[in-house]
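A.B. asks: Hey, dropping structure_22.pdb in here, PDB, C-alpha atoms:
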MODEL        1
ATOM      1  CA  MET A   1     -22.915 -51.817   7.634
ATOM      2  CA  ALA A   2     -25.276 -54.824   7.272
ATOM      3  CA  THR A   3     -23.226 -56.199   4.366
ATOM      4  CA  ARG A   4     -20.037 -55.749   6.324
ATOM      5  CA  GLY A   5     -21.510 -57.626   9.347
ATOM      6  CA  ALA A   6     -22.724 -60.508   7.208
ATOM      7  CA  ALA A   7     -19.321 -60.865   5.593
ATOM      8  CA  GLY A   8     -17.710 -60.983   9.024
ATOM      9  CA  ALA A   9     -20.116 -63.639  10.270
ATOM     10  CA  PHE A  10     -19.383 -65.797   7.226
ATOM     11  CA  VAL A  11     -15.620 -65.602   7.870
ATOM     12  CA  ILE A  12     -16.066 -66.752  11.500
ATOM     13  CA  TRP A  13     -18.434 -69.603  10.461
ATOM     14  CA  LYS A  14     -15.877 -70.721   7.904
ATOM     15  CA  HIS A  15     -13.117 -70.564  10.487
ATOM     16  CA  ARG A  16     -15.023 -72.705  12.993
ATOM     17  CA  ASN A  17     -15.951 -75.366  10.412
ATOM     18  CA  ASN A  18     -12.521 -75.639   8.807
ATOM     19  CA  PRO A  19      -9.963 -77.474  11.016
ATOM     20  CA  SER A  20      -7.078 -76.087   8.983
ATOM     21  CA  LEU A  21      -8.014 -72.587  10.039
ATOM     22  CA  ARG A  22      -8.613 -73.298  13.739
ATOM     23  CA  SER A  23      -4.925 -73.051  14.518
ATOM     24  CA  LEU A  24      -4.975 -69.417  13.593
ATOM     25  CA  SER A  25      -5.265 -67.064  16.520
ATOM     26  CA  SER A  26      -8.708 -65.567  16.868
ATOM     27  CA  HIS A  27      -7.316 -62.069  17.026
ATOM     28  CA  HIS A  28      -6.781 -62.180  13.257
ATOM     29  CA  PHE A  29     -10.540 -61.818  12.864
ATOM     30  CA  TYR A  30     -11.556 -59.703  15.844
ATOM     31  CA  PRO A  31     -10.281 -56.384  14.500
ATOM     32  CA  ILE A  32     -13.121 -56.453  11.995
ATOM     33  CA  PHE A  33     -15.638 -56.137  14.854
ATOM     34  CA  ARG A  34     -13.604 -54.253  17.468
ATOM     35  CA  PRO A  35     -14.551 -50.608  17.811
ATOM     36  CA  GLN A  36     -11.984 -48.028  16.720
ATOM     37  CA  ILE A  37      -9.716 -47.168  19.630
ATOM     38  CA  ILE A  38      -7.998 -43.768  19.837
ATOM     39  CA  PRO A  39      -4.524 -44.048  21.401
ATOM     40  CA  LYS A  40      -4.380 -42.613  24.883
ATOM     41  CA  GLY A  41      -1.686 -40.036  24.090
ATOM     42  CA  PHE A  42      -3.504 -38.852  20.981
ATOM     43  CA  ARG A  43      -6.685 -38.421  23.007
ATOM     44  CA  TYR A  44      -4.852 -35.999  25.301
ATOM     45  CA  GLN A  45      -3.599 -34.062  22.280
ATOM     46  CA  ILE A  46      -7.162 -33.640  21.043
ATOM     47  CA  ARG A  47      -8.234 -32.342  24.453
ATOM     48  CA  ALA A  48      -5.328 -29.894  24.489
ATOM     49  CA  ILE A  49      -6.265 -28.556  21.063
ATOM     50  CA  GLN A  50      -9.911 -28.216  22.086
ATOM     51  CA  GLY A  51      -8.923 -26.406  25.284
ATOM     52  CA  ALA A  52      -6.774 -23.970  23.322
ATOM     53  CA  SER A  53      -9.668 -22.715  21.198
ATOM     54  CA  VAL A  54     -10.251 -18.958  21.504
ATOM     55  CA  ASP A  55     -13.564 -17.676  22.739
ATOM     56  CA  PRO A  56     -14.701 -15.107  20.114
ATOM     57  CA  VAL A  57     -16.193 -12.880  22.827
ATOM     58  CA  THR A  58     -12.892 -12.810  24.725
ATOM     59  CA  GLN A  59     -11.076 -12.118  21.477
ATOM     60  CA  LEU A  60     -13.301  -9.087  20.818
ATOM     61  CA  LYS A  61     -12.775  -7.834  24.361
ATOM     62  CA  ASN A  62      -9.019  -8.015  23.985
ATOM     63  CA  LYS A  63      -9.256  -6.139  20.702
ATOM     64  CA  ASP A  64     -11.250  -3.354  22.308
ATOM     65  CA  GLU A  65      -8.915  -2.957  25.266
ATOM     66  CA  PRO A  66      -6.882   0.258  24.917
ATOM     67  CA  LYS A  67      -3.142  -0.135  24.602
ATOM     68  CA  PRO A  68      -1.012   1.415  27.346
ATOM     69  CA  GLU A  69       0.032   5.001  26.629
ATOM     70  CA  ASN A  70       3.564   5.217  25.317
ATOM     71  CA  TRP A  71       3.266   8.454  23.351
ATOM     72  CA  LYS A  72       6.345  10.475  22.536
ATOM     73  CA  ILE A  73       4.590  13.601  21.287
ATOM     74  CA  LYS A  74       1.154  15.220  21.537
ATOM     75  CA  MET A  75      -0.467  16.851  18.566
ATOM     76  CA  LEU A  76      -2.821  19.690  19.506
ATOM     77  CA  TYR A  77      -5.180  20.064  16.569
ATOM     78  CA  ASP A  78      -8.304  22.010  15.656
ATOM     79  CA  GLY A  79     -11.058  19.430  15.188
ATOM     80  CA  ASP A  80     -13.335  22.043  13.577
ATOM     81  CA  CYS A  81     -10.924  22.664  10.695
ATOM     82  CA  PRO A  82     -11.964  20.480   7.711
ATOM     83  CA  LEU A  83      -8.662  20.765   5.849
ATOM     84  CA  CYS A  84      -6.648  20.162   9.016
ATOM     85  CA  MET A  85      -8.630  17.001   9.759
ATOM     86  CA  ARG A  86      -7.553  15.384   6.489
ATOM     87  CA  GLU A  87      -3.959  15.499   7.662
ATOM     88  CA  VAL A  88      -4.870  14.538  11.228
ATOM     89  CA  ASN A  89      -6.798  11.483  10.034
ATOM     90  CA  MET A  90      -3.876  10.401   7.861
ATOM     91  CA  LEU A  91      -1.511  10.669  10.834
ATOM     92  CA  LYS A  92      -3.967   8.812  13.085
ATOM     93  CA  GLU A  93      -4.151   5.948  10.630
ATOM     94  CA  ARG A  94      -0.376   5.629  10.347
ATOM     95  CA  ASN A  95      -0.033   6.012  14.125
ATOM     96  CA  GLU A  96      -2.342   3.049  14.827
ATOM     97  CA  GLU A  97       0.434   0.469  15.164
ATOM     98  CA  ASN A  98       2.933   2.201  17.479
ATOM     99  CA  ARG A  99       0.719   4.909  18.975
ATOM    100  CA  THR A 100       3.639   7.235  19.656
ATOM    101  CA  ILE A 101       1.475  10.284  18.897
ATOM    102  CA  LYS A 102      -1.257  11.385  21.289
ATOM    103  CA  PHE A 103      -3.943  13.441  19.600
ATOM    104  CA  VAL A 104      -5.648  16.244  21.527
ATOM    105  CA  ASP A 105      -8.596  18.089  20.004
ATOM    106  CA  ILE A 106      -8.491  21.682  21.236
ATOM    107  CA  SER A 107     -12.025  22.322  19.929
ATOM    108  CA  SER A 108     -13.429  19.864  22.467
ATOM    109  CA  ASN A 109     -15.173  21.309  25.527
ATOM    110  CA  ASP A 110     -12.976  18.981  27.579
ATOM    111  CA  TYR A 111      -9.741  20.549  26.377
ATOM    112  CA  SER A 112      -7.618  21.499  29.396
ATOM    113  CA  PRO A 113      -4.721  23.974  29.106
ATOM    114  CA  GLN A 114      -3.462  22.708  32.488
ATOM    115  CA  GLU A 115      -2.853  19.280  30.970
ATOM    116  CA  ASN A 116      -1.099  20.759  27.943
ATOM    117  CA  GLN A 117       1.692  22.978  29.226
ATOM    118  CA  GLY A 118      -0.718  25.873  29.893
ATOM    119  CA  LEU A 119      -1.481  26.356  26.194
ATOM    120  CA  ASP A 120      -4.924  27.957  25.932
ATOM    121  CA  TYR A 121      -7.341  27.605  23.033
ATOM    122  CA  LYS A 122      -6.599  31.002  21.436
ATOM    123  CA  THR A 123      -2.829  30.419  21.471
ATOM    124  CA  VAL A 124      -3.064  26.999  19.865
ATOM    125  CA  MET A 125      -5.515  28.310  17.259
ATOM    126  CA  GLY A 126      -2.779  30.688  16.075
ATOM    127  CA  GLN A 127      -0.560  27.877  14.788
ATOM    128  CA  ILE A 128       0.010  24.176  15.281
ATOM    129  CA  HIS A 129       1.546  23.133  18.615
ATOM    130  CA  ALA A 130       3.024  19.801  19.616
ATOM    131  CA  ILE A 131       4.256  18.757  23.056
ATOM    132  CA  GLN A 132       7.028  16.218  23.441
ATOM    133  CA  SER A 133       6.964  13.693  26.292
ATOM    134  CA  ASP A 134       9.657  15.684  28.122
ATOM    135  CA  GLY A 135       7.379  18.763  28.101
ATOM    136  CA  ASN A 136       9.172  20.613  25.318
ATOM    137  CA  VAL A 137       6.762  22.554  23.060
ATOM    138  CA  VAL A 138       7.389  22.783  19.315
ATOM    139  CA  THR A 139       5.381  24.812  16.815
ATOM    140  CA  GLY A 140       4.911  25.407  13.098
ATOM    141  CA  VAL A 141       6.898  23.414  10.547
ATOM    142  CA  GLU A 142       9.086  21.969  13.298
ATOM    143  CA  ALA A 143       5.998  20.412  14.903
ATOM    144  CA  PHE A 144       4.996  18.810  11.605
ATOM    145  CA  ARG A 145       8.531  17.514  11.134
ATOM    146  CA  ARG A 146       8.524  15.795  14.551
ATOM    147  CA  LEU A 147       5.046  14.346  14.024
ATOM    148  CA  TYR A 148       5.829  12.967  10.567
ATOM    149  CA  GLU A 149       9.011  11.357  11.879
ATOM    150  CA  GLU A 150       6.953   9.368  14.371
ATOM    151  CA  VAL A 151       4.902   7.724  11.609
ATOM    152  CA  GLY A 152       7.785   6.994   9.272
ATOM    153  CA  LEU A 153       7.285  10.006   6.991
ATOM    154  CA  GLY A 154      10.119  12.177   8.225
ATOM    155  CA  TRP A 155      11.533  12.365   4.707
ATOM    156  CA  VAL A 156       8.634  14.641   3.706
ATOM    157  CA  TYR A 157      10.010  17.474   5.833
ATOM    158  CA  THR A 158      13.721  16.617   5.709
ATOM    159  CA  ILE A 159      14.410  19.362   3.180
ATOM    160  CA  THR A 160      13.045  21.988   5.602
ATOM    161  CA  LYS A 161      16.037  21.374   7.873
ATOM    162  CA  PHE A 162      18.263  23.182   5.391
ATOM    163  CA  GLU A 163      18.404  26.918   4.714
ATOM    164  CA  PRO A 164      17.018  28.827   2.971
ATOM    165  CA  ILE A 165      14.340  26.147   2.449
ATOM    166  CA  GLY A 166      13.536  26.141   6.166
ATOM    167  CA  LYS A 167      12.792  29.865   6.270
ATOM    168  CA  VAL A 168      10.658  29.673   3.125
ATOM    169  CA  ALA A 169       8.658  26.770   4.582
ATOM    170  CA  ASP A 170       8.114  28.688   7.822
ATOM    171  CA  ALA A 171       6.925  31.752   5.918
ATOM    172  CA  VAL A 172       4.479  29.714   3.834
ATOM    173  CA  TYR A 173       3.069  27.986   6.897
ATOM    174  CA  ASP A 174       2.731  31.257   8.839
ATOM    175  CA  PHE A 175       0.741  32.724   5.952
ATOM    176  CA  TRP A 176      -1.554  29.687   5.916
ATOM    177  CA  ALA A 177      -2.022  29.759   9.697
ATOM    178  CA  LYS A 178      -2.944  33.445   9.586
ATOM    179  CA  TYR A 179      -5.650  33.069   6.956
ATOM    180  CA  ARG A 180      -6.808  29.471   7.401
ATOM    181  CA  LEU A 181     -10.102  30.484   9.038
ATOM    182  CA  GLN A 182     -11.064  32.634   6.064
ATOM    183  CA  VAL A 183      -9.828  30.011   3.585
ATOM    184  CA  THR A 184     -11.964  27.309   5.210
ATOM    185  CA  GLY A 185     -15.032  29.586   5.418
ATOM    186  CA  ARG A 186     -15.064  30.004   9.182
ATOM    187  CA  PRO A 187     -15.742  33.155  11.227
ATOM    188  CA  PRO A 188     -12.903  35.256  12.702
ATOM    189  CA  ILE A 189     -11.153  34.012  15.835
ATOM    190  CA  GLU A 190     -12.935  36.634  17.968
ATOM    191  CA  ALA A 191     -16.348  35.289  16.955
ATOM    192  CA  ILE A 192     -15.218  31.711  17.592
ATOM    193  CA  LEU A 193     -13.931  32.621  21.054
ATOM    194  CA  GLU A 194     -17.202  34.388  21.914
ATOM    195  CA  ALA A 195     -19.296  31.436  20.765
ATOM    196  CA  ARG A 196     -17.050  29.061  22.701
ATOM    197  CA  LYS A 197     -17.360  31.153  25.837
ATOM    198  CA  LYS A 198     -21.147  31.256  25.535
ATOM    199  CA  ASN A 199     -21.287  27.511  24.990
ATOM    200  CA  LYS A 200     -19.230  26.896  28.127
ATOM    201  CA  VAL A 201     -21.545  29.089  30.205
ATOM    202  CA  GLU A 202     -24.593  27.203  28.952
ATOM    203  CA  THR A 203     -22.940  23.810  29.464
ATOM    204  CA  CYS A 204     -21.323  24.437  32.839
ATOM    205  CA  GLY A 205     -23.987  26.547  34.508
ATOM    206  CA  ASP A 206     -22.612  27.881  37.819
ATOM    207  CA  SER A 207     -19.693  25.435  38.004
ATOM    208  CA  LYS A 208     -16.516  27.515  38.187
ATOM    209  CA  ALA A 209     -14.329  24.432  37.835
ATOM    210  CA  CYS A 210     -15.903  23.632  34.469
ATOM    211  CA  LYS A 211     -15.304  27.138  33.098
ATOM    212  CA  THR A 212     -11.623  27.237  33.905
TER
ENDMDL
END
Will you turn the file into structure tokens for me?
C.D. replies:
Amino acid sequence: MATRGAAGAFVIWKHRNNPSLRSLSSHHFYPIFRPQIIPKGFRYQIRAIQGASVDPVTQLKNKDEPKPENWKIKMLYDGDCPLCMREVNMLKERNEENRTIKFVDISSNDYSPQENQGLDYKTVMGQIHAIQSDGNVVTGVEAFRRLYEEVGLGWVYTITKFEPIGKVADAVYDFWAKYRLQVTGRPPIEAILEARKKNKVETCGDSKACKT
């Protein structure tokens, strides 16, 4: 900066002491010393860009806000079934974008048959149930077919629409549903129901509303 200032001073001294250069307008030399000026319009553009910056806290809040419910089908699943949860988690992951499937864990103490077409815990434990947005209940392989269609995997179960493949698929699933508790190392349904009933009594106390 000091070198640049000295050079500028020398140019002005030379200009003042040389008559042949005096005719030149002084503004030829001033730009060397004039501060940099940002055009007015450009200054407004900078302000607009600065004002448009996203607050990271607000961005996180928006990310955490739940999307409005637009589900087309509910999947009633047994959250205590380890093998079942592998499939449920896969469907949840693929459902993340459109959220057309609503997942309801029947093993939760908050599960309400009244909110799910009157389907109680024991009934849903017998086989998979899904509830469409119009209230229609589908079960077994048909339920899986509808659920997979919602996440773009309908082709997996397309073959089950044709006979005799459909009947074979139903028979295989019914066999699995009947013995899945034993296969996954869980107690019989009667023992599960008793433990669930006891847990509700301990959790709810004397509240009749909680037990229903």
A.B. asks: Which distance in Å separates atom CA of Leu76 of chain A and atom CA of Thr139 of chain A, to one decimal?
C.D. replies: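 Interatomic distance, atom CA of Leu76 of chain A to atom CA of Thr139 of chain A: 10.0 Å.
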A.B. asks: Residues near segment 188-195 of chain A, anyone? I mean within 12 Å using all atoms listed in the file, not counting same-chain ones fewer than 2 positions away, as a list in words.
C.D. replies: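 Residues meeting the cut-off are Asp80, Ser107, Asn109, Asp120, Tyr121, Lys122, Thr123, Val124, Met125, Gly126, Ala177, Lys178, Tyr179, Arg180, Leu181, Gln182, Val183, Thr184, Gly185, Arg186, Lys197, Lys198, Asn199, Lys200, Val201 and Glu202 of chain A.
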A.B. asks: Write the selection just made, keeping C-alpha atoms, as a compact mmCIF listing (two decimals), in the coordinates of the input?
C.D. replies:
# COMPACT_ATOMS: atom_id res chain seq x y z
CA ASP A 80 -13.34 22.04 13.58
CA SER A 107 -12.02 22.32 19.93
CA ASN A 109 -15.17 21.31 25.53
CA ASP A 120 -4.92 27.96 25.93
CA TYR A 121 -7.34 27.60 23.03
CA LYS A 122 -6.60 31.00 21.44
CA THR A 123 -2.83 30.42 21.47
CA VAL A 124 -3.06 27.00 19.86
CA MET A 125 -5.52 28.31 17.26
CA GLY A 126 -2.78 30.69 16.08
CA ALA A 177 -2.02 29.76 9.70
CA LYS A 178 -2.94 33.44 9.59
CA TYR A 179 -5.65 33.07 6.96
CA ARG A 180 -6.81 29.47 7.40
CA LEU A 181 -10.10 30.48 9.04
CA GLN A 182 -11.06 32.63 6.06
CA VAL A 183 -9.83 30.01 3.58
CA THR A 184 -11.96 27.31 5.21
CA GLY A 185 -15.03 29.59 5.42
CA ARG A 186 -15.06 30.00 9.18
CA LYS A 197 -17.36 31.15 25.84
CA LYS A 198 -21.15 31.26 25.54
CA ASN A 199 -21.29 27.51 24.99
CA LYS A 200 -19.23 26.90 28.13
CA VAL A 201 -21.54 29.09 30.20
CA GLU A 202 -24.59 27.20 28.95
A.B. asks: For a quick check of understanding, using all atoms listed in the file, which of A:Ser133, A:Lys167, A:Gln117, A:Tyr77 has the smallest distance to Leu91 of chain A?
C.D. replies: A:Tyr77
A.B. asks: Excluding Ala169 of chain A and any residue of its chain fewer than 5 positions from it, enumerate the residues within 9 Å of it, using only C-alpha atoms, and give them as a list in words.
C.D. replies: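 Once the nearby chain positions are removed, what remains is Val141, Thr160, Pro164 and Asp174 of chain A.
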A.B. asks: Please evaluate the PyMOL selection byres ((chain A and resi 97) around 12) against the structure above and give the resulting residues as a short mmCIF file (atom, residue, chain, number, x, y, z; two decimals) with C-alpha atoms, in the frame of the given file.
C.D. replies:
data_model
loop_
_atom_site.label_atom_id
_atom_site.label_comp_id
_atom_site.auth_asym_id
_atom_site.auth_seq_id
_atom_site.Cartn_x
_atom_site.Cartn_y
_atom_site.Cartn_z
CA LYS A 67 -3.14 -0.14 24.60
CA ASN A 70 3.56 5.22 25.32
CA TRP A 71 3.27 8.45 23.35
CA LEU A 91 -1.51 10.67 10.83
CA LYS A 92 -3.97 8.81 13.08
CA GLU A 93 -4.15 5.95 10.63
CA ARG A 94 -0.38 5.63 10.35
CA ASN A 95 -0.03 6.01 14.12
CA GLU A 96 -2.34 3.05 14.83
CA ASN A 98 2.93 2.20 17.48
CA ARG A 99 0.72 4.91 18.98
CA THR A 100 3.64 7.24 19.66
CA ILE A 101 1.48 10.28 18.90
CA GLU A 150 6.95 9.37 14.37
CA VAL A 151 4.90 7.72 11.61
CA GLY A 152 7.78 6.99 9.27
#
A.B. asks: For a test of reading the model, state the distance in Å between atom CA of Gln132 of chain A and atom CA of Gln114 of chain A, rounded to one decimal.
C.D. replies: 15.3 Å
A.B. asks: Between atom CA of Val138 of chain A and atom CA of Asp78 of chain A, what is the distance, to one decimal in Å?
C.D. replies: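 These atoms are spaced 16.1 Å apart.
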A.B. asks: Need the axis-aligned box for segment 171-179 of chain A with 8 Å each side, so what are the centre and edges in Å to one decimal, as AutoDock Vina command-line options?
C.D. replies:
--center_x 0.6 --center_y 30.7 --center_z 6.8 --size_x 28.6 --size_y 21.5 --size_z 21.9
A.B. asks: Kindly indicate which residue among A:Met85, A:Met75, A:Val172, A:Ile128 lies nearest to Gly140 of chain A, using only C-alpha atoms for the distances.
C.D. replies: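 The closest residue to Gly140 of chain A is A:Ile128.
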A.B. asks: Take the PyMOL selection byres ((chain A and resi 145) around 8), apply it to the structure above, and return the hits as a ChimeraX atom specification.
C.D. replies: /A:141-144,146-149,154,156-158
